[in-house]
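Presented below is the structure to which this report refers.
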Amino acid sequence: MALDKGAQPVPETARTFVTETRPAPGRSRLLDRVESEVLRQMQALGYRPADKVPDLRVGIRIDRTDAIIPVMDTVESGRLTLVLYSGDEVLRTGRSPNLNSIDLDFMSDDEIAARVSLFLAGIQSVAPVPAKNN
C-alpha cells in the first residue's frame, strides 16, 4: 500500500468515522474483510463509529485494471484503494500494487491488516491514555 503524495493531517477535533465501501463484482467478501479491519484499527486508535454525521470517512474500493468481459463480470485484477476524507476534503489516498485474481482470491487476514496499517500509519491516536495504577 503506497500513500499518494500530499497526505494531509487528520483534524485534531476528529473523533468519529464511517466506512463507505464501493461494490466490486465478485469481490464482496474481500471488501467486507478489509472494511472489518479498517473498523478494528480505527477503533484501536480511539475513533468511534458515527451514528449520524461523521468527522471522517474511509472509502474502500477496488479500482479495476482488467478488461471487462461481458460474460464474466468478476473483477480479475485491480488495486485496493483506501481514501480518508474529512467532509469533502481528501486527507490521504492509499493504493496497493496491481493485484491479480489469485491475490484478490487468497489475500490473508495478515496481508489485509498490514495494508490497512500502512494506510493509517501516521494518523494520531485519540484513544485515552490508560491511567497508571500506583
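We label chains A, B, ... in the order they appear in the C-alpha cells, count residues from 1 in each chain, and number ligands from 1 in the order shown.
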Skipping near chain neighbours, those fewer than 5 positions away, what residues fall within 7 Å of Ser86 in chain A using only C-alpha atoms, listed as a PyMOL selection string?
chain A and resi 55-57+91
Using only C-alpha atoms, determine which residues lie at most 12 Å from Ala7 in chain A, disregarding the query and same-chain residues fewer than 5 positions distant; provide the list as a VMD selection string.
chain A and resid 2 83 to 85 89 to 94 119 to 123
As a PyMOL selection string, list the residues of chain A assigned to strand (DSSP E or B) by DSSP on the backbone atoms of this structure.
chain A and resi 2-3+16-21+48-49+56-64+69+72+78-86+89-95+99
Which residues are near range 95-100 of chain A? Cut-off 8 Å, only C-alpha atoms, ignore same chain within fewer than 6 positions. Put them as number ranges by chain.
A: 1-4, 65, 76-82, 115
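With only C-alpha atoms as the basis for measurement, A:Leu31 is the residue among A:Ala50, A:Val126, A:Leu31, A:Ala67 that approaches Met107 in chain A most closely.
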Identify, on the basis of only C-alpha atoms, every residue whose closest approach to range 35-41 of chain A does not exceed 8 Å; exclude the query and any residue fewer than 6 positions from it along the same chain; express the result as a ChimeraX atom specification.
/A:19,21,49,60,112-113,116-117
For Asp103 in chain A, which of A:Val18, A:Val75, A:Met42, A:Ala24 is the closest residue, counting only C-alpha atoms?
A:Val75
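When CA of Asp73 in chain A is paired with CA of Pro25 in chain A, their separation reads 6.1 Å.
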